[in-house]
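This is target_6.tsv. It holds TSV, C-alpha atoms and all ligand atoms.
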chain	number	residue	atom	x	y	z
A	1	MET	CA	108.25	58.99	-56.54
A	2	LYS	CA	111.15	57.16	-58.19
A	3	LYS	CA	111.14	56.94	-61.96
A	4	ALA	CA	112.32	54.13	-64.20
A	5	SER	CA	112.82	53.89	-67.93
A	6	ILE	CA	111.62	51.25	-70.42
A	7	ASN	CA	113.01	51.52	-73.94
A	8	GLY	CA	113.71	55.17	-73.14
A	9	LYS	CA	110.22	55.96	-71.87
A	10	ILE	CA	110.15	57.35	-68.32
A	11	ILE	CA	107.46	55.86	-66.05
A	12	PRO	CA	106.93	55.61	-62.26
A	13	ALA	CA	109.20	52.82	-60.96
A	14	SER	CA	106.22	51.20	-59.22
A	15	GLU	CA	104.55	50.67	-62.61
A	16	VAL	CA	107.40	48.71	-64.18
A	17	ALA	CA	106.10	45.34	-65.31
A	18	ILE	CA	107.80	42.39	-66.91
A	19	PRO	CA	105.54	40.47	-69.31
A	20	ILE	CA	105.16	36.89	-68.06
A	21	SER	CA	104.51	35.81	-71.64
A	22	ASN	CA	108.19	36.51	-72.31
A	23	ILE	CA	109.60	33.01	-71.84
A	24	GLU	CA	113.15	34.36	-72.24
A	25	ILE	CA	112.91	35.89	-68.77
A	26	LEU	CA	112.33	32.47	-67.22
A	27	TYR	CA	115.37	31.19	-69.09
A	28	GLY	CA	117.54	34.05	-67.89
A	29	PHE	CA	118.05	35.22	-71.48
A	30	GLY	CA	119.08	38.74	-70.70
A	31	VAL	CA	122.08	40.80	-69.69
A	32	TYR	CA	122.58	43.59	-67.19
A	33	GLU	CA	124.89	46.25	-65.80
A	34	THR	CA	125.17	48.16	-62.56
A	35	MET	CA	126.91	51.51	-62.75
A	36	LYS	CA	127.52	54.11	-60.09
A	37	LEU	CA	126.57	57.74	-59.74
A	38	ARG	CA	128.38	59.42	-56.84
A	39	LYS	CA	127.92	63.10	-55.94
A	40	GLY	CA	126.59	63.68	-59.45
A	41	ASN	CA	129.52	61.92	-61.18
A	42	LEU	CA	128.62	58.97	-63.37
A	43	PHE	CA	131.59	56.59	-63.47
A	44	PHE	CA	132.69	54.55	-66.50
A	45	VAL	CA	129.41	54.91	-68.41
A	46	ASN	CA	130.98	54.05	-71.78
A	47	GLU	CA	132.72	50.99	-70.33
A	48	HIS	CA	129.43	49.73	-68.85
A	49	ILE	CA	127.53	50.24	-72.10
A	50	ASP	CA	130.31	48.51	-74.06
A	51	ARG	CA	130.19	45.56	-71.66
A	52	LEU	CA	126.39	45.34	-71.88
A	53	PHE	CA	126.63	45.11	-75.65
A	54	ASN	CA	129.46	42.60	-75.41
A	55	SER	CA	127.47	40.42	-72.97
A	56	ALA	CA	124.53	40.47	-75.41
A	57	TRP	CA	126.89	39.49	-78.23
A	58	VAL	CA	128.34	36.59	-76.19
A	59	LEU	CA	124.80	35.22	-75.64
A	60	GLY	CA	123.73	35.87	-79.24
A	61	LEU	CA	121.10	38.27	-77.95
A	62	GLY	CA	120.13	40.48	-80.88
A	63	HIS	CA	118.73	44.00	-80.40
A	64	GLU	CA	118.56	47.33	-82.15
A	65	PHE	CA	119.45	49.67	-79.31
A	66	THR	CA	122.40	51.98	-79.88
A	67	LYS	CA	125.07	53.09	-77.44
A	68	LYS	CA	124.14	56.71	-78.08
A	69	GLN	CA	120.49	56.02	-77.19
A	70	LEU	CA	121.53	54.34	-73.95
A	71	ARG	CA	123.74	57.25	-72.89
A	72	LYS	CA	120.86	59.65	-73.51
A	73	TRP	CA	118.34	57.50	-71.62
A	74	ILE	CA	120.69	57.16	-68.64
A	75	GLU	CA	121.08	60.95	-68.48
A	76	GLU	CA	117.32	61.41	-68.68
A	77	LEU	CA	116.75	58.87	-65.89
A	78	ILE	CA	119.24	60.68	-63.63
A	79	ALA	CA	117.64	64.06	-64.38
A	80	GLU	CA	114.05	62.79	-63.87
A	81	ASN	CA	115.02	61.41	-60.46
A	82	ASN	CA	117.19	64.38	-59.43
A	83	ALA	CA	119.65	61.64	-58.49
A	84	GLU	CA	123.02	62.46	-56.90
A	85	SER	CA	124.39	59.24	-55.42
A	86	THR	CA	122.85	55.93	-56.43
A	87	ASN	CA	123.45	52.87	-58.55
A	88	ILE	CA	121.82	52.58	-61.94
A	89	LYS	CA	120.79	49.16	-63.12
A	90	ILE	CA	120.23	48.37	-66.79
A	91	ILE	CA	118.58	45.14	-67.88
A	92	LEU	CA	118.37	44.13	-71.52
A	93	LEU	CA	115.94	41.29	-72.18
A	94	GLY	CA	116.18	39.29	-75.36
A	95	GLY	CA	113.54	37.47	-77.37
A	96	ASP	CA	111.03	38.61	-80.00
A	97	GLU	CA	110.44	41.92	-78.33
A	98	GLN	CA	113.64	43.27	-76.78
A	99	LYS	CA	113.19	45.43	-73.73
A	100	LEU	CA	115.64	47.73	-72.04
A	101	TYR	CA	114.86	48.57	-68.43
A	102	MET	CA	116.73	51.18	-66.39
A	103	PHE	CA	116.12	51.94	-62.73
A	104	LEU	CA	117.89	53.16	-59.60
A	105	THR	CA	119.08	50.81	-56.86
A	106	ASN	CA	120.72	51.42	-53.50
A	107	PRO	CA	124.48	50.80	-53.45
A	108	LEU	CA	125.77	48.22	-51.01
A	109	TYR	CA	128.16	50.42	-49.05
A	110	ILE	CA	130.52	48.63	-46.71
A	111	GLU	CA	131.68	49.82	-43.31
A	112	LYS	CA	134.85	51.92	-43.08
A	113	ARG	CA	136.36	49.38	-40.70
A	114	ASP	CA	135.96	46.63	-43.34
A	115	TYR	CA	138.40	48.51	-45.59
A	116	ARG	CA	140.84	48.58	-42.67
A	117	ASP	CA	140.29	45.10	-41.16
A	118	GLY	CA	139.03	43.18	-44.20
A	119	VAL	CA	135.93	41.06	-44.78
A	120	ARG	CA	135.18	37.38	-44.29
A	121	VAL	CA	134.37	35.19	-47.29
A	122	ILE	CA	133.55	31.54	-47.94
A	123	THR	CA	134.41	29.41	-50.96
A	124	PHE	CA	131.79	27.73	-53.12
A	125	PRO	CA	132.28	25.24	-55.98
A	126	TYR	CA	130.68	26.80	-59.04
A	127	GLU	CA	131.62	27.84	-62.59
A	128	ARG	CA	129.59	30.62	-64.17
A	129	PHE	CA	128.16	29.77	-67.60
A	130	LEU	CA	129.80	31.96	-70.29
A	131	PRO	CA	131.67	33.88	-67.60
A	132	GLN	CA	132.51	36.86	-69.80
A	133	ALA	CA	128.81	37.70	-70.10
A	134	LYS	CA	127.02	39.52	-67.30
A	135	SER	CA	123.85	37.52	-67.82
A	136	LEU	CA	120.66	37.08	-65.83
A	137	ASN	CA	121.60	33.45	-65.25
A	138	MET	CA	122.36	34.10	-61.59
A	139	LEU	CA	121.00	31.01	-59.82
A	140	GLY	CA	124.38	29.47	-58.93
A	141	SER	CA	125.77	32.83	-57.83
A	142	TYR	CA	122.62	33.55	-55.83
A	143	VAL	CA	122.81	30.24	-53.97
A	144	ALA	CA	126.51	30.82	-53.23
A	145	TYR	CA	125.92	34.41	-52.08
A	146	THR	CA	122.96	33.41	-49.88
A	147	LYS	CA	125.14	30.80	-48.20
A	148	ALA	CA	127.81	33.46	-47.60
A	149	LYS	CA	125.24	35.83	-46.08
A	150	GLY	CA	123.93	33.01	-43.88
A	151	GLU	CA	127.44	32.72	-42.46
A	152	TRP	CA	127.73	36.51	-41.98
A	153	CYS	CA	130.22	36.75	-44.82
A	154	TYR	CA	130.59	39.51	-47.41
A	155	GLU	CA	130.98	37.27	-50.44
A	156	ALA	CA	131.45	33.72	-51.76
A	157	LEU	CA	134.57	32.99	-53.81
A	158	LEU	CA	133.76	30.72	-56.74
A	159	VAL	CA	136.09	27.75	-57.11
A	160	ASN	CA	136.32	25.89	-60.44
A	161	ARG	CA	136.81	22.17	-61.20
A	162	ASP	CA	140.61	22.60	-60.99
A	163	VAL	CA	140.12	24.05	-57.50
A	164	ASN	CA	141.28	27.49	-58.59
A	165	ILE	CA	139.61	30.64	-57.29
A	166	THR	CA	138.05	32.46	-60.26
A	167	GLU	CA	136.03	35.39	-58.88
A	168	GLY	CA	133.35	36.29	-56.38
A	169	THR	CA	129.62	36.03	-57.17
A	170	ARG	CA	129.63	39.80	-57.79
A	171	SER	CA	133.28	40.76	-57.59
A	172	ASN	CA	136.71	40.03	-59.03
A	173	PHE	CA	139.50	38.45	-57.08
A	174	PHE	CA	143.15	39.43	-56.57
A	175	ALA	CA	145.96	37.98	-54.48
A	176	ILE	CA	149.08	40.00	-53.71
A	177	ARG	CA	152.70	39.32	-52.91
A	178	ASP	CA	155.03	42.27	-52.30
A	179	LYS	CA	154.24	44.67	-55.13
A	180	THR	CA	152.83	42.09	-57.53
A	181	LEU	CA	149.11	41.52	-57.97
A	182	TYR	CA	147.82	38.19	-59.23
A	183	SER	CA	144.39	37.81	-60.81
A	184	PRO	CA	142.82	34.94	-62.78
A	185	PRO	CA	142.96	35.26	-66.61
A	186	SER	CA	140.28	37.58	-67.98
A	187	GLY	CA	138.94	34.92	-70.38
A	188	GLU	CA	137.67	32.83	-67.44
A	189	ILE	CA	135.87	35.55	-65.50
A	190	LEU	CA	133.75	38.65	-65.88
A	191	ASP	CA	136.07	41.40	-67.05
A	192	GLY	CA	135.20	43.73	-64.20
A	193	ILE	CA	135.40	47.44	-64.81
A	194	THR	CA	136.80	47.96	-61.32
A	195	ARG	CA	139.34	45.18	-61.95
A	196	LYS	CA	140.44	46.80	-65.19
A	197	THR	CA	140.75	50.27	-63.67
A	198	VAL	CA	142.46	48.96	-60.51
A	199	ILE	CA	145.07	47.32	-62.75
A	200	GLU	CA	145.60	50.61	-64.59
A	201	CYS	CA	145.83	52.51	-61.31
A	202	VAL	CA	148.26	50.18	-59.51
A	203	ARG	CA	150.56	50.05	-62.55
A	204	GLU	CA	150.78	53.86	-62.36
A	205	ASN	CA	151.83	53.37	-58.73
A	206	GLY	CA	154.66	50.92	-59.37
A	207	TYR	CA	152.88	47.59	-58.84
A	208	GLU	CA	153.09	44.72	-61.32
A	209	VAL	CA	150.09	42.67	-62.37
A	210	VAL	CA	150.20	39.03	-63.42
A	211	GLU	CA	147.18	37.18	-64.84
A	212	GLU	CA	147.35	33.52	-63.88
A	213	ASP	CA	145.36	30.77	-62.19
A	214	ILE	CA	145.25	31.02	-58.42
A	215	ALA	CA	145.00	27.65	-56.67
A	216	LEU	CA	142.85	27.68	-53.54
A	217	SER	CA	145.47	25.46	-51.85
A	218	ASP	CA	148.16	28.16	-52.36
A	219	ILE	CA	146.18	31.17	-51.27
A	220	PHE	CA	147.74	31.55	-47.83
A	221	ASP	CA	151.22	31.70	-49.41
A	222	PHE	CA	150.31	35.23	-50.52
A	223	ASP	CA	150.50	38.35	-48.33
A	224	GLY	CA	146.74	38.69	-48.71
A	225	ALA	CA	143.86	39.01	-51.13
A	226	PHE	CA	141.12	41.45	-52.05
A	227	LEU	CA	137.94	41.82	-54.07
A	228	THR	CA	136.93	44.54	-56.51
A	229	ASN	CA	133.55	45.70	-57.72
A	230	THR	CA	131.67	48.85	-58.63
A	231	SER	CA	130.05	49.53	-55.24
A	232	GLY	CA	132.77	48.18	-52.93
A	233	LYS	CA	135.82	49.38	-54.93
A	234	VAL	CA	138.80	47.55	-53.34
A	235	VAL	CA	137.73	45.33	-50.44
A	236	PRO	CA	140.49	43.53	-48.48
A	237	ILE	CA	139.81	39.94	-47.40
A	238	ARG	CA	140.62	38.99	-43.83
A	239	GLU	CA	139.37	35.42	-43.70
A	240	ILE	CA	138.61	32.63	-46.19
A	241	ASP	CA	136.52	29.70	-44.89
A	242	GLY	CA	137.38	30.68	-41.34
A	243	LYS	CA	141.16	30.84	-41.91
A	244	SER	CA	142.71	34.26	-41.43
A	245	PHE	CA	145.45	36.16	-43.29
A	246	GLY	CA	145.99	38.13	-40.10
A	247	GLU	CA	146.25	41.89	-40.32
A	248	ILE	CA	145.67	43.48	-43.72
A	249	ALA	CA	149.07	43.82	-45.39
A	250	PRO	CA	150.34	47.37	-46.10
A	251	ASN	CA	150.57	46.61	-49.85
A	252	ILE	CA	146.78	45.99	-49.89
A	253	ALA	CA	146.10	49.13	-47.86
A	254	GLY	CA	148.17	50.89	-50.55
A	255	VAL	CA	145.87	49.59	-53.33
A	256	VAL	CA	142.76	50.74	-51.39
A	257	LYS	CA	144.25	54.21	-51.01
A	258	PHE	CA	145.60	54.55	-54.56
A	259	TYR	CA	142.27	53.52	-56.07
A	260	ASP	CA	140.33	56.02	-53.94
A	261	GLU	CA	142.70	58.74	-55.12
A	262	TYR	CA	142.34	57.54	-58.73
A	263	LEU	CA	138.52	57.82	-58.53
A	264	LYS	CA	138.74	61.21	-56.87
A	265	LYS	CA	140.99	62.49	-59.66
A	266	LEU	CA	138.67	61.03	-62.24
A	267	SER	CA	135.59	62.67	-60.71
A	268	GLN	CA	137.31	66.04	-61.07
A	269	LYS	CA	137.54	65.37	-64.81
A	270	ILE	CA	133.98	64.04	-65.41
A	301	LIG	N1	132.38	39.30	-61.37
A	301	LIG	C1	131.04	39.11	-61.36
A	301	LIG	C2	130.51	37.73	-61.54
A	301	LIG	C3	130.16	40.21	-61.17
A	301	LIG	O1	128.83	40.03	-61.17
A	301	LIG	C4	130.71	41.51	-60.95
A	301	LIG	C5	129.81	42.68	-60.71
A	301	LIG	N2	129.47	43.30	-61.91
A	301	LIG	C6	132.11	41.66	-60.98
A	301	LIG	C7	132.91	40.54	-61.20
A	301	LIG	C8	132.74	43.02	-60.79
A	301	LIG	O2	132.53	43.84	-61.91
A	301	LIG	P1	132.56	45.45	-61.84
A	301	LIG	O3	133.88	45.83	-61.31
A	301	LIG	O4	132.37	45.86	-63.25
A	301	LIG	O5	131.44	45.87	-60.94
Starting from the coordinates I provided, produce the structure as structure tokens.
Ligand code: PMP
Amino acid sequence: MKKASINGKIIPASEVAIPISNIEILYGFGVYETMKLRKGNLFFVNEHIDRLFNSAWVLGLGHEFTKKQLRKWIEELIAENNAESTNIKIILLGGDEQKLYMFLTNPLYIEKRDYRDGVRVITFPYERFLPQAKSLNMLGSYVAYTKAKGEWCYEALLVNRDVNITEGTRSNFFAIRDKTLYSPPSGEILDGITRKTVIECVRENGYEVVEEDIALSDIFDFDGAFLTNTSGKVVPIREIDGKSFGEIAPNIAGVVKFYDEYLKKLSQKI
């Protein structure tokens, strides 16, 4: 039976309960993280814990948990579940009685051919509230993502009031021209851990990275575009709102390959 953890205490996952008296839950006053364990390697644990604490800080969500405690509880959860390859979700709820939940979730793996041929996405007008926080306020993103799924698409790209593409509902966005990557400024989006590490990795491989607004109306002037997130890694986009980039450009295929190699190298060090 799967185990979960509440404030460091291991219990059967089926017994996890959220107190309905905690009004903060209904208001979405909480923050979360999803990190990945693959073949026993836990990726970017310190970065995820740092971001969780930063999200809490952005919302003014006070708590007394420490980073050291979290690292220990994550390790205990993995050991108790004999987990090898899974995602680990952490939810920190604010309010009078702060609660830290940890449990395992199934990663959303995508098909191999999607890395080669790209995925379809739609656009959706929405600006995330306090975008640098990974908060439980997910209603807008959920509605956008559900619409995307209804149209057999992988993701919805969020478009702001200036009609710029900011990010996906659960991913960051890049456009590419030759060997230059363009991504919206980090102050206006969630600072994705995959985004950050992709930038580091492509720079090592001779690409340049520019942070600037990306107008939806200009998107087909680029060679192509892709999404990044923890589960999907680098996911090329084939089609936006039914309009196609055509075949996935070799410079994007290069990013997919370089990032896979980067993670492989990293897993040898963990
Ligand atoms: N933007 C949003 C809004 C997200 O929810 C996510 C998923 N955490 C991302 C970007 C990608 O972040 P990461 O690479 O850390 O998974």
Find the spatial neighbours of stretch 1-16 of chain A, counting only C-alpha atoms, within a cut-off of 10 Å - ignore same-chain residues fewer than 5 positions away - and output them as a PyMOL selection string. chain A and resi 65+69-70+72-74+76-83+88-92+98-104
Could you give me, as a PyMOL selection string, every polymer residue with an atom at most 8 Å away from an atom of ligand LIG 301 (chain A), counting all atoms listed in the file? chain A and resi 33-35+48+128+131+134+141+167-172+189-196+228-231+233
Next, the residues of the selection above should be written as a PDB file, in the frame of the given file with C-alpha atoms.
ATOM      1  CA  GLU A  33     124.890  46.250 -65.800  1.00  0.00           C
ATOM      2  CA  THR A  34     125.170  48.160 -62.560  1.00  0.00           C
ATOM      3  CA  MET A  35     126.910  51.510 -62.750  1.00  0.00           C
ATOM      4  CA  HIS A  48     129.430  49.730 -68.850  1.00  0.00           C
ATOM      5  CA  ARG A 128     129.590  30.620 -64.170  1.00  0.00           C
ATOM      6  CA  PRO A 131     131.670  33.880 -67.600  1.00  0.00           C
ATOM      7  CA  LYS A 134     127.020  39.520 -67.300  1.00  0.00           C
ATOM      8  CA  SER A 141     125.770  32.830 -57.830  1.00  0.00           C
ATOM      9  CA  GLU A 167     136.030  35.390 -58.880  1.00  0.00           C
ATOM     10  CA  GLY A 168     133.350  36.290 -56.380  1.00  0.00           C
ATOM     11  CA  THR A 169     129.620  36.030 -57.170  1.00  0.00           C
ATOM     12  CA  ARG A 170     129.630  39.800 -57.790  1.00  0.00           C
ATOM     13  CA  SER A 171     133.280  40.760 -57.590  1.00  0.00           C
ATOM     14  CA  ASN A 172     136.710  40.030 -59.030  1.00  0.00           C
ATOM     15  CA  ILE A 189     135.870  35.550 -65.500  1.00  0.00           C
ATOM     16  CA  LEU A 190     133.750  38.650 -65.880  1.00  0.00           C
ATOM     17  CA  ASP A 191     136.070  41.400 -67.050  1.00  0.00           C
ATOM     18  CA  GLY A 192     135.200  43.730 -64.200  1.00  0.00           C
ATOM     19  CA  ILE A 193     135.400  47.440 -64.810  1.00  0.00           C
ATOM     20  CA  THR A 194     136.800  47.960 -61.320  1.00  0.00           C
ATOM     21  CA  ARG A 195     139.340  45.180 -61.950  1.00  0.00           C
ATOM     22  CA  LYS A 196     140.440  46.800 -65.190  1.00  0.00           C
ATOM     23  CA  THR A 228     136.930  44.540 -56.510  1.00  0.00           C
ATOM     24  CA  ASN A 229     133.550  45.700 -57.720  1.00  0.00           C
ATOM     25  CA  THR A 230     131.670  48.850 -58.630  1.00  0.00           C
ATOM     26  CA  SER A 231     130.050  49.530 -55.240  1.00  0.00           C
ATOM     27  CA  LYS A 233     135.820  49.380 -54.930  1.00  0.00           C
TER      28      LYS A 233
END
Given all atoms listed in the file as the counted atoms, nearest of A:Val163, A:Leu52, A:Ile18, A:Ala144 to A:Glu97: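 Among the listed residues, A:Ile18 lies closest to A:Glu97.
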Fewer than 3 positions away in the same chain doesn't count, so skip those; otherwise give me all residues within 10 Å of stretch 148-150 of chain A, counting all atoms listed in the file, as a ChimeraX atom specification. /A:120-124,142-145,153-157,241
Skipping near chain neighbours, those fewer than 4 positions away, what residues fall within 9 Å of A:Asn46 using only C-alpha atoms, listed as a PyMOL selection string? chain A and resi 50-51+67+71
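Ranking A:Arg203, A:His63, A:Lys68, A:Lys112 by their shortest atom-to-atom distance to A:Val31, with all atoms listed in the file included, puts A:His63 first.
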Separation of atom CA of A:Leu59 from atom CA of A:Gly30, in Å and rounded to one decimal: 8.3 Å
Quick one: distance from atom CA of A:Arg38 to atom CA of A:Val234 in Å, one decimal? 16.2 Å
Missing atoms in stretch 228-239 of chain A should be modelled up to all heavy atoms and reported as a CSV table (one decimal), in the frame of the given file.
chain,number,residue,atom,x,y,z
A,228,THR,N,137.3,43.2,-55.9
A,228,THR,CA,136.9,44.5,-56.5
A,228,THR,C,135.5,44.5,-57.1
A,228,THR,O,135.2,43.5,-57.7
A,228,THR,CB,137.9,44.9,-57.6
A,228,THR,OG1,137.9,44.0,-58.7
A,228,THR,CG2,139.3,45.0,-57.1
A,229,ASN,N,134.8,45.5,-56.9
A,229,ASN,CA,133.6,45.7,-57.7
A,229,ASN,C,133.1,47.2,-57.6
A,229,ASN,O,133.7,48.0,-56.9
A,229,ASN,CB,132.4,44.7,-57.3
A,229,ASN,CG,131.9,45.0,-56.0
A,229,ASN,OD1,132.1,46.0,-55.3
A,229,ASN,ND2,131.1,44.0,-55.5
A,230,THR,N,132.1,47.5,-58.5
A,230,THR,CA,131.7,48.8,-58.6
A,230,THR,C,131.3,49.5,-57.3
A,230,THR,O,131.8,50.6,-57.0
A,230,THR,CB,130.5,48.9,-59.6
A,230,THR,OG1,131.0,48.4,-60.9
A,230,THR,CG2,129.9,50.3,-59.8
A,231,SER,N,130.5,48.9,-56.5
A,231,SER,CA,130.0,49.5,-55.2
A,231,SER,C,131.1,49.5,-54.2
A,231,SER,O,131.4,50.5,-53.5
A,231,SER,CB,128.8,48.8,-54.7
A,231,SER,OG,127.7,49.2,-55.4
A,232,GLY,N,131.8,48.4,-54.0
A,232,GLY,CA,132.8,48.2,-52.9
A,232,GLY,C,134.1,48.8,-53.2
A,232,GLY,O,134.9,49.0,-52.3
A,233,LYS,N,134.5,49.0,-54.5
A,233,LYS,CA,135.8,49.4,-54.9
A,233,LYS,C,136.8,48.3,-54.6
A,233,LYS,O,136.7,47.2,-55.1
A,233,LYS,CB,136.2,50.7,-54.3
A,233,LYS,CG,135.2,51.8,-54.7
A,233,LYS,CD,135.5,53.2,-54.0
A,233,LYS,CE,135.3,53.2,-52.6
A,233,LYS,NZ,135.6,54.4,-51.9
A,234,VAL,N,137.8,48.6,-53.7
A,234,VAL,CA,138.8,47.6,-53.3
A,234,VAL,C,138.5,47.1,-51.9
A,234,VAL,O,138.6,47.9,-51.0
A,234,VAL,CB,140.2,48.1,-53.4
A,234,VAL,CG1,141.3,47.1,-53.0
A,234,VAL,CG2,140.5,48.6,-54.9
A,235,VAL,N,138.2,45.8,-51.8
A,235,VAL,CA,137.7,45.3,-50.4
A,235,VAL,C,138.7,44.2,-50.0
A,235,VAL,O,138.7,43.1,-50.5
A,235,VAL,CB,136.3,44.8,-50.5
A,235,VAL,CG1,135.8,44.3,-49.1
A,235,VAL,CG2,135.3,45.8,-51.1
A,236,PRO,N,139.5,44.5,-49.0
A,236,PRO,CA,140.5,43.5,-48.5
A,236,PRO,C,139.8,42.3,-47.8
A,236,PRO,O,138.7,42.5,-47.2
A,236,PRO,CB,141.3,44.3,-47.4
A,236,PRO,CG,141.0,45.7,-47.7
A,236,PRO,CD,139.7,45.8,-48.3
A,237,ILE,N,140.4,41.2,-48.0
A,237,ILE,CA,139.8,39.9,-47.4
A,237,ILE,C,140.6,39.6,-46.2
A,237,ILE,O,141.9,39.5,-46.2
A,237,ILE,CB,139.9,38.8,-48.4
A,237,ILE,CG1,139.0,39.1,-49.6
A,237,ILE,CG2,139.5,37.5,-47.7
A,237,ILE,CD1,139.1,38.0,-50.7
A,238,ARG,N,139.9,39.4,-45.1
A,238,ARG,CA,140.6,39.0,-43.8
A,238,ARG,C,140.7,37.5,-43.7
A,238,ARG,O,141.7,36.9,-43.3
A,238,ARG,CB,139.9,39.6,-42.6
A,238,ARG,CG,140.7,39.4,-41.3
A,238,ARG,CD,140.0,40.0,-40.1
A,238,ARG,NE,138.9,39.2,-39.7
A,238,ARG,CZ,137.7,39.7,-39.5
A,238,ARG,NH1,137.4,41.0,-39.8
A,238,ARG,NH2,136.7,39.0,-39.1
A,239,GLU,N,139.5,36.8,-44.0
A,239,GLU,CA,139.4,35.4,-43.7
A,239,GLU,C,138.7,34.7,-44.9
A,239,GLU,O,137.8,35.2,-45.5
A,239,GLU,CB,138.4,35.4,-42.5
A,239,GLU,CG,138.7,34.3,-41.5
A,239,GLU,CD,137.7,34.5,-40.3
A,239,GLU,OE1,138.0,35.3,-39.4
A,239,GLU,OE2,136.7,33.8,-40.3
